[in-house]
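Colleague: Before I ask anything, here is the structure I am working with.
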There are 2 protein chains.
Amino acid sequence: MSWYAGVEAGGTKFNCIVASDPNIILDEIRIPTTTPQETLPRVIDFIKAVENKHGIHIEAIGLGFFGPICLDQNLPTYGFITSTPKLAWRNTPVVSYFQKELNIPVAFDTDVAAAALGEGAWGNATNCSDFIYVTIGTGIGGGIISNGHPLHGMVHPEIGHMFIPHDRLLDPFEGICPFHRDCFEGLASGPSINARWGKPAEGLPADHPAWQLESNYIAYALANLALSFSPQRIILGGGVMKTPGLIDLVREKTVRFLNGYIQNELILSRVNTFIQSPGLGDRAGVLGAIALAKTQE
Amino acid sequence: MSWYAGVEAGGTKFNCIVASDPNIILDEIRIPTTTPQETLPRVIDFIKAVENKHGIHIEAIGLGFFGPICLDQNLPTYGFITSTPKLAWRNTPVVSYFQKELNIPVAFDTDVAAAALGEGAWGNATNCSDFIYVTIGTGIGGGIISNGHPLHGMVHPEIGHMFIPHDRLLDPFEGICPFHRDCFEGLASGPSINARWGKPAEGLPADHPAWQLESNYIAYALANLALSFSPQRIILGGGVMKTPGLIDLVREKTVRFLNGYIQNELILSRVNTFIQSPGLGDRAGVLGAIALAKTQE
């Protein structure tokens with residue numbers, strides 16, 4: 001049996017796992033995100049302790065990281081966290097650190113690309129070559145799988161900051177994105193719901209007008225993703241998407257906004273397949289890091 | 001020397017060419033788009049006449065077509081024009097027709113993907129692996145090159161129908177897209193300018209408020225493309241983009257709307273490189289069809 005380590009590195013915690021696949025997990029840990037000097041050695045300690053305890057060798061490690069990160073292997077900054085607002089982490093050479101400490105292949109990508117790979121390997125996007133994982137929570141982000149591989153481009157996608165229609169008569173709220181004010185994340189992230197209504201998403205009943213607005217914004221963004229990438233599937237995760245009934249509103253409105261323009265039966269008559277929740281639930285990211293590690297085989 | 005045929009098939013005309021590259025062109029013709037029964041044989045006649053006249057053999061043909069088209073080689077409808085509003089062309093098996101008549105390899109893609117390939121081969125996107133060709137004219141469309149190849153996904157991108165912010169206080173015009181009303185094409189295509197101001201784009205002076213609105217919409221769309229695909233370059237062609245000064249407004253506003261979020265020096269300080277006109281001008285499409293043919297080598 002082959003073993004892999006996976007790290008889902010987020011702004012508040014690092015989820016770390018050693019596993020062969022989602023059904024054969026050796027150990028897991030959560031480590032708070034403080035500074036690279038403190039957090040990264042704790043990840044190494046965890047991995048080495050699991051290796052020693054179980055007498056195994058880990059083949060490769062997958063790192064799904066908050067960004068922005070440098071994924072261009074031709075640049076000297078490959079494997080760095082770059083211009084993040086988390087100042088302690090700015091310009092941290094993550095990949096070289098893990099390579100030096102563990103001396104195994106290190107696969108590196110965004111947290112959302114890792115989650116997408118996880119959904120493609122074991123979740124609700126198996127058998128899809130072109131699909132998107134979108135998370136709507138504290139922030140909004142998306143991992144794009146194109147032709148079976150994460151799409152990077154020059155840096156990596158940042159679809160959470162897409163500009164979408166904002167009808168100020170319907171929703172006079174200005175938006176909270178410090179860069180763009182009323183971009184997708186500025187209008188539809190968990191904190192924007194909290195700021196608009198004075199209550200967190202969990203505190204708003206199913207018939208609250210918040211969910212009509214929220215589903216409008218998500219559906220505009222999903223329509224734009226469908227028109228831009230022509231995916232076979234969109235996986236919609238993150239804390240906000242746990243709201244009962246929200247995914248159904250998003251499905252109905254995405255189809256309504258596209259209005260038959262994309263003549264594909266998957267969108268026209270199987271939107272419950274086209275837009276789905278993560279099959280791996282909250283574990284898409286950390287299990288995705290295992291899927292990412294396996295790309296090094 | 002190797003010879004190729006290229007066809008840029010649009011709603012009003014087919015531009016056909018036989019060439020080796022942009023500097024060595026044997027012959028060209030424009031054929032009106034009427035019906036498949038009439039137009040397609042005229043393309044074949046042109047190609048065979050050029051072969052006979054010059055005593056050459058054409059290696060492959062590239063077809064850049066108006067859509068929607070089927071690009072999935074696993075489907076029986078591969079190489080068809082599918083659900084186009086041009087009824088005479090609906091469900092036309094284009095690729096098999098050319099294969100049968102010419103018995104040479106046939107490369108097939110959207111007109112905008114072909115134009116993108118042309119710009120990548122000989123225009124203003126050489127040395128780029130990830131870039132986008134956008135045309136803003138009678139319609140709006142985009143060809144996406146990802147990792148050196150046209151991105152298709154399930155069908156193909158239709159970025160002209162992306163939803164963008166529409167401030168109705170600034171621009172009460174409702175938009176003209178028959179599917180979405182005020183999507184990007186509905187607000188910013190040539191016909192939408194004509195409908196909003198009662199004059200075609202060419203009739204509006206450089207200081208007309210039309211260009212502030214137009215550059216807003218294009219810049220929102222380009223910001224969304226930059227955030228979605230993280231391209232190294234965006235090539236901005238089509239009739240509307242011939243308006244003097246418009247590309248400068250678009251550059252300035254795209255950078256302003258992104259507001260430093262994408263920390264890349266190309267966007268932050270070299271936007272004249274990041275956003276460019278087509279190096280091949282109006283011939284990006286037809287020469288792109290030659291670049292497309294060459295992918296069959």
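To be explicit about the labels: the chains of the structure tokens are called A, B, and onward in the order shown, and within each one the residues are counted from 1, while ligands get numbers from 1 in the order they are shown.
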Write out as JSON lines a residue-level contact list of chain A versus chain B with cut-off 9 Å: for each qualifying residue the closest pair of atoms and the distance in Å to one decimal, counting only C-alpha atoms, rows sorted by chain and residue number upward.
Modeller:
```
{"residue": "A:Pro68", "atom": "CA", "partner": "B:Ile262", "partner_atom": "CA", "distance": 8.6}
{"residue": "A:Thr82", "atom": "CA", "partner": "B:Gln263", "partner_atom": "CA", "distance": 8.8}
{"residue": "A:Ser83", "atom": "CA", "partner": "B:Gln263", "partner_atom": "CA", "distance": 6.8}
{"residue": "A:Ser129", "atom": "CA", "partner": "B:Gly153", "partner_atom": "CA", "distance": 7.9}
{"residue": "A:Asp130", "atom": "CA", "partner": "B:Gly153", "partner_atom": "CA", "distance": 5.5}
{"residue": "A:Phe131", "atom": "CA", "partner": "B:Gly153", "partner_atom": "CA", "distance": 8.2}
{"residue": "A:Gly142", "atom": "CA", "partner": "B:Ser228", "partner_atom": "CA", "distance": 8.9}
{"residue": "A:Ile144", "atom": "CA", "partner": "B:Ser228", "partner_atom": "CA", "distance": 8.9}
{"residue": "A:Ser146", "atom": "CA", "partner": "B:Gly153", "partner_atom": "CA", "distance": 6.8}
{"residue": "A:Asn147", "atom": "CA", "partner": "B:Gly153", "partner_atom": "CA", "distance": 7.3}
{"residue": "A:Leu151", "atom": "CA", "partner": "B:Ser146", "partner_atom": "CA", "distance": 7.6}
{"residue": "A:His152", "atom": "CA", "partner": "B:Ser230", "partner_atom": "CA", "distance": 6.9}
{"residue": "A:Gly153", "atom": "CA", "partner": "B:Ser230", "partner_atom": "CA", "distance": 4.8}
{"residue": "A:Met154", "atom": "CA", "partner": "B:Ser230", "partner_atom": "CA", "distance": 5.3}
{"residue": "A:Val155", "atom": "CA", "partner": "B:Ser230", "partner_atom": "CA", "distance": 5.9}
{"residue": "A:His156", "atom": "CA", "partner": "B:Ser230", "partner_atom": "CA", "distance": 5.7}
{"residue": "A:Pro157", "atom": "CA", "partner": "B:Ser228", "partner_atom": "CA", "distance": 4.9}
{"residue": "A:Glu158", "atom": "CA", "partner": "B:Leu227", "partner_atom": "CA", "distance": 5.0}
{"residue": "A:Ile159", "atom": "CA", "partner": "B:Ser228", "partner_atom": "CA", "distance": 5.1}
{"residue": "A:Gly160", "atom": "CA", "partner": "B:Leu227", "partner_atom": "CA", "distance": 8.2}
{"residue": "A:His161", "atom": "CA", "partner": "B:Leu227", "partner_atom": "CA", "distance": 6.9}
{"residue": "A:Met162", "atom": "CA", "partner": "B:Asn224", "partner_atom": "CA", "distance": 5.1}
{"residue": "A:Phe163", "atom": "CA", "partner": "B:Ile164", "partner_atom": "CA", "distance": 6.1}
{"residue": "A:Ile164", "atom": "CA", "partner": "B:Ile164", "partner_atom": "CA", "distance": 4.9}
{"residue": "A:Pro165", "atom": "CA", "partner": "B:Pro165", "partner_atom": "CA", "distance": 4.0}
{"residue": "A:His166", "atom": "CA", "partner": "B:Pro165", "partner_atom": "CA", "distance": 6.2}
{"residue": "A:Asp167", "atom": "CA", "partner": "B:Asp167", "partner_atom": "CA", "distance": 7.7}
{"residue": "A:Arg168", "atom": "CA", "partner": "B:Asp167", "partner_atom": "CA", "distance": 8.5}
{"residue": "A:Phe179", "atom": "CA", "partner": "B:Asn259", "partner_atom": "CA", "distance": 6.0}
{"residue": "A:His180", "atom": "CA", "partner": "B:Asn259", "partner_atom": "CA", "distance": 7.0}
{"residue": "A:Tyr220", "atom": "CA", "partner": "B:Phe163", "partner_atom": "CA", "distance": 6.6}
{"residue": "A:Ala221", "atom": "CA", "partner": "B:Phe163", "partner_atom": "CA", "distance": 8.0}
{"residue": "A:Ala223", "atom": "CA", "partner": "B:Met162", "partner_atom": "CA", "distance": 7.5}
{"residue": "A:Asn224", "atom": "CA", "partner": "B:Met162", "partner_atom": "CA", "distance": 5.1}
{"residue": "A:Leu225", "atom": "CA", "partner": "B:Ser228", "partner_atom": "CA", "distance": 8.1}
{"residue": "A:Ala226", "atom": "CA", "partner": "B:Pro157", "partner_atom": "CA", "distance": 7.9}
{"residue": "A:Leu227", "atom": "CA", "partner": "B:Glu158", "partner_atom": "CA", "distance": 5.0}
{"residue": "A:Ser228", "atom": "CA", "partner": "B:Pro157", "partner_atom": "CA", "distance": 4.9}
{"residue": "A:Phe229", "atom": "CA", "partner": "B:Pro157", "partner_atom": "CA", "distance": 5.6}
{"residue": "A:Ser230", "atom": "CA", "partner": "B:Gly153", "partner_atom": "CA", "distance": 4.8}
{"residue": "A:Pro231", "atom": "CA", "partner": "B:Gly153", "partner_atom": "CA", "distance": 5.3}
{"residue": "A:Gln232", "atom": "CA", "partner": "B:Met154", "partner_atom": "CA", "distance": 5.5}
{"residue": "A:Phe257", "atom": "CA", "partner": "B:His180", "partner_atom": "CA", "distance": 7.0}
{"residue": "A:Leu258", "atom": "CA", "partner": "B:His180", "partner_atom": "CA", "distance": 7.1}
{"residue": "A:Asn259", "atom": "CA", "partner": "B:Phe179", "partner_atom": "CA", "distance": 6.0}
{"residue": "A:Gly260", "atom": "CA", "partner": "B:Phe179", "partner_atom": "CA", "distance": 7.4}
{"residue": "A:Tyr261", "atom": "CA", "partner": "B:Phe179", "partner_atom": "CA", "distance": 6.4}
{"residue": "A:Ile262", "atom": "CA", "partner": "B:Val155", "partner_atom": "CA", "distance": 8.6}
{"residue": "A:Gln263", "atom": "CA", "partner": "B:Ser83", "partner_atom": "CA", "distance": 6.8}
{"residue": "A:Asn264", "atom": "CA", "partner": "B:Val155", "partner_atom": "CA", "distance": 8.2}
```
Colleague: Generate a file of the selected residues that holds C-alpha atoms, formatted as a compact mmCIF listing (two decimals), in the first residue's frame.
Modeller:
```
# COMPACT_ATOMS: atom_id res chain seq x y z
CA PRO A 68 -1.89 33.91 -3.82
CA THR A 82 3.41 35.53 -2.50
CA SER A 83 1.43 38.74 -1.86
CA SER A 129 -12.54 16.03 -17.34
CA ASP A 130 -13.74 19.64 -17.09
CA PHE A 131 -15.33 20.84 -13.88
CA GLY A 142 -12.78 28.26 -7.22
CA ILE A 144 -10.83 24.85 -12.26
CA SER A 146 -9.60 21.68 -17.50
CA ASN A 147 -8.85 18.60 -19.54
CA LEU A 151 -5.94 25.36 -14.79
CA HIS A 152 -3.29 27.81 -13.62
CA GLY A 153 -2.64 30.36 -16.34
CA MET A 154 -0.13 33.02 -15.36
CA VAL A 155 -0.87 32.94 -11.61
CA HIS A 156 -4.06 31.05 -10.75
CA PRO A 157 -7.78 31.78 -11.03
CA GLU A 158 -9.39 34.04 -8.44
CA ILE A 159 -13.01 33.66 -9.44
CA GLY A 160 -14.26 34.91 -6.08
CA HIS A 161 -13.50 38.45 -7.19
CA MET A 162 -15.50 38.30 -10.41
CA PHE A 163 -17.76 41.28 -11.08
CA ILE A 164 -21.46 40.38 -11.26
CA PRO A 165 -24.69 42.36 -11.61
CA HIS A 166 -25.61 44.20 -8.43
CA ASP A 167 -29.06 45.78 -8.47
CA ARG A 168 -28.81 48.52 -5.85
CA PHE A 179 -10.36 45.62 -3.20
CA HIS A 180 -13.59 45.73 -5.22
CA TYR A 220 -24.88 34.92 -11.80
CA ALA A 221 -21.38 33.72 -10.94
CA ALA A 223 -23.73 31.23 -15.16
CA ASN A 224 -20.52 33.17 -15.87
CA LEU A 225 -18.42 30.12 -15.03
CA ALA A 226 -20.59 27.95 -17.29
CA LEU A 227 -20.24 30.49 -20.12
CA SER A 228 -16.49 30.92 -19.60
CA PHE A 229 -15.23 27.39 -19.00
CA SER A 230 -18.07 25.26 -20.37
CA PRO A 231 -17.68 22.77 -17.50
CA GLN A 232 -19.37 19.39 -17.28
CA PHE A 257 -30.34 33.29 -16.08
CA LEU A 258 -28.72 31.22 -18.87
CA ASN A 259 -32.20 31.10 -20.42
CA GLY A 260 -31.56 28.27 -22.85
CA TYR A 261 -28.52 29.87 -24.42
CA ILE A 262 -26.30 26.86 -23.72
CA GLN A 263 -28.22 24.13 -25.52
CA ASN A 264 -26.97 21.23 -23.47
```
Colleague: How would you write, as a list in words, the set of residues in segment 83-122 of chain A that DSSP gives as strand (DSSP E or B)?
Modeller: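 Answer for segment 83-122 of chain A, restricted to strand (DSSP E or B): Thr92, Pro93, Val106, Ala107, Phe108, Asp109 and Thr110 of chain A.
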Colleague: At a cut-off of 9 Å, using only C-alpha atoms, what residues contact segment 86-88 of chain B? Leave out same-chain residues fewer than 6 positions from it and give the result as a ChimeraX atom specification.
Modeller: /B:11,34-36
Colleague: Just list the residues in segment 16-164 of chain B DSSP gives helix (DSSP H, G or I) on the backbone, as a count of residues only.
Modeller: 46
Colleague: For Ala49 of chain B, list every protein, DNA or RNA residue within 12 Å, evaluated using only C-alpha atoms, and leave out those in the same chain fewer than 3 positions away; present the list as a list in words.
Modeller: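 Using only C-alpha atoms, the neighbours found are Ile17, Val18, Leu26, Asp27, Glu28, Ile29, Arg42, Val43, Ile44, Asp45, Phe46, Asn52, Lys53, His54, Gly55, Ile56, His57 and Ile58 of chain B.
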Colleague: Would you list the contacts of Gly139 of chain A as a list in words, taking every protein, DNA or RNA residue within 12 Å and counting only C-alpha atoms, but skipping same-chain residues closer than 6 positions in sequence?
Modeller: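 Neighbouring residues, sequence-local ones excluded: Gly10, Gly11, Phe66, Gly67, Asp111, Val112, Glu158, Ile159, Gly160, His161, Ile176, Cys177, Cys183, Phe184, Glu185, Gly186, Leu187, Ala188, Ser189, Gly190, Pro191, Ser192, Ile193, Gly237, Gly238, Gly239 and Val240 of chain A.
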Colleague: Would you put the residues from that selection into a file with N, CA, C and O atoms, as a compact mmCIF listing (two decimals), in the first residue's frame?
Modeller:
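Output (again19.txt):
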```txt
# COMPACT_ATOMS: atom_id res chain seq x y z
N GLY A 10 -5.29 26.74 5.36
CA GLY A 10 -6.22 27.86 5.30
C GLY A 10 -5.79 28.97 6.24
O GLY A 10 -4.81 28.84 6.97
N GLY A 11 -6.54 30.05 6.23
CA GLY A 11 -6.18 31.21 7.02
C GLY A 11 -6.25 30.99 8.51
O GLY A 11 -5.57 31.68 9.27
N PHE A 66 -3.78 28.36 0.83
CA PHE A 66 -4.36 29.68 0.60
C PHE A 66 -3.37 30.49 -0.23
O PHE A 66 -2.17 30.19 -0.25
N GLY A 67 -3.85 31.51 -0.92
CA GLY A 67 -3.00 32.20 -1.86
C GLY A 67 -2.93 33.68 -1.61
O GLY A 67 -3.40 34.15 -0.57
N ASP A 111 -5.73 25.74 -2.44
CA ASP A 111 -6.65 24.92 -1.65
C ASP A 111 -7.85 24.49 -2.49
O ASP A 111 -8.31 23.34 -2.40
N VAL A 112 -8.34 25.40 -3.33
CA VAL A 112 -9.54 25.08 -4.12
C VAL A 112 -9.23 24.16 -5.29
O VAL A 112 -10.05 23.31 -5.65
N GLU A 158 -8.88 33.40 -9.67
CA GLU A 158 -9.39 34.04 -8.44
C GLU A 158 -10.85 34.41 -8.70
O GLU A 158 -11.23 35.58 -8.66
N ILE A 159 -11.66 33.39 -8.97
CA ILE A 159 -13.01 33.66 -9.44
C ILE A 159 -13.90 34.31 -8.38
O ILE A 159 -14.95 34.85 -8.71
N GLY A 160 -13.47 34.27 -7.13
CA GLY A 160 -14.26 34.91 -6.08
C GLY A 160 -14.38 36.41 -6.26
O GLY A 160 -15.31 37.03 -5.74
N HIS A 161 -13.48 36.99 -7.03
CA HIS A 161 -13.50 38.45 -7.19
C HIS A 161 -14.13 38.91 -8.50
O HIS A 161 -14.02 40.09 -8.88
N ILE A 176 -18.40 44.23 0.78
CA ILE A 176 -17.33 44.35 1.78
C ILE A 176 -15.94 44.00 1.26
O ILE A 176 -14.99 43.93 2.03
N CYS A 177 -15.79 43.77 -0.05
CA CYS A 177 -14.46 43.43 -0.52
C CYS A 177 -13.54 44.65 -0.41
O CYS A 177 -13.86 45.71 -0.95
N CYS A 183 -17.78 43.01 -5.60
CA CYS A 183 -17.53 41.82 -6.45
C CYS A 183 -18.29 40.65 -5.82
O CYS A 183 -18.98 40.80 -4.81
N PHE A 184 -18.18 39.47 -6.44
CA PHE A 184 -18.88 38.27 -5.97
C PHE A 184 -18.62 38.04 -4.48
O PHE A 184 -19.56 37.94 -3.67
N GLU A 185 -17.36 38.01 -4.09
CA GLU A 185 -17.03 37.78 -2.68
C GLU A 185 -17.53 38.92 -1.81
O GLU A 185 -18.00 38.70 -0.69
N GLY A 186 -17.45 40.14 -2.33
CA GLY A 186 -17.90 41.30 -1.55
C GLY A 186 -19.39 41.29 -1.29
O GLY A 186 -19.86 41.87 -0.31
N LEU A 187 -20.15 40.63 -2.16
CA LEU A 187 -21.61 40.59 -2.03
C LEU A 187 -22.13 39.30 -1.41
O LEU A 187 -23.22 39.29 -0.85
N ALA A 188 -21.38 38.20 -1.55
CA ALA A 188 -22.00 36.90 -1.26
C ALA A 188 -21.23 36.01 -0.30
O ALA A 188 -21.68 34.91 0.02
N SER A 189 -20.08 36.45 0.21
CA SER A 189 -19.35 35.64 1.18
C SER A 189 -20.10 35.61 2.51
O SER A 189 -20.98 36.45 2.76
N GLY A 190 -19.73 34.69 3.38
CA GLY A 190 -20.33 34.63 4.72
C GLY A 190 -20.24 35.97 5.44
O GLY A 190 -21.26 36.49 5.92
N PRO A 191 -19.05 36.59 5.52
CA PRO A 191 -18.96 37.89 6.21
C PRO A 191 -19.82 38.98 5.57
O PRO A 191 -20.29 39.88 6.28
N SER A 192 -20.06 38.91 4.25
CA SER A 192 -20.89 39.94 3.64
C SER A 192 -22.36 39.74 4.05
O SER A 192 -23.08 40.72 4.23
N ILE A 193 -22.79 38.50 4.20
CA ILE A 193 -24.14 38.23 4.70
C ILE A 193 -24.28 38.79 6.11
O ILE A 193 -25.24 39.49 6.44
N GLY A 237 -19.35 24.07 -2.68
CA GLY A 237 -19.13 23.78 -1.26
C GLY A 237 -18.95 25.04 -0.44
O GLY A 237 -19.21 26.16 -0.90
N GLY A 238 -18.48 24.85 0.80
CA GLY A 238 -18.24 25.97 1.71
C GLY A 238 -19.38 26.14 2.69
O GLY A 238 -20.50 25.64 2.47
N GLY A 239 -19.10 26.86 3.76
CA GLY A 239 -20.05 26.96 4.87
C GLY A 239 -21.40 27.53 4.48
O GLY A 239 -22.44 27.03 4.92
N VAL A 240 -21.41 28.57 3.66
CA VAL A 240 -22.68 29.22 3.30
C VAL A 240 -23.59 28.23 2.57
O VAL A 240 -24.82 28.26 2.72
```
Colleague: Would you kindly return, as a list in words, each protein, DNA or RNA residue with an atom no farther than 7 Å from any atom of Ile218 of chain A, considering only C-alpha atoms and excluding same-chain residues fewer than 4 positions away?
Modeller: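 Within the cut-off, the hits are Glu214, Leu222 and Val250 of chain A.
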Colleague: Considering only C-alpha atoms, return as a list in words whatever protein or nucleic-acid residues lie within 7 Å of Ile235 of chain A, sequence-local ones (same chain, fewer than 5 positions apart) excluded.
Modeller: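 Everything that qualifies: Ile132, Tyr133, Val134, Ile275, Gln276, Ser277 and Pro278 of chain A.
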Colleague: Expressed in Å to a single decimal, how great is the separation between atom CA of Pro22 of chain B and atom CA of Thr273 of chain B?
Modeller: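 Pair atom CA of Pro22 of chain B / atom CA of Thr273 of chain B returns 22.4 Å.
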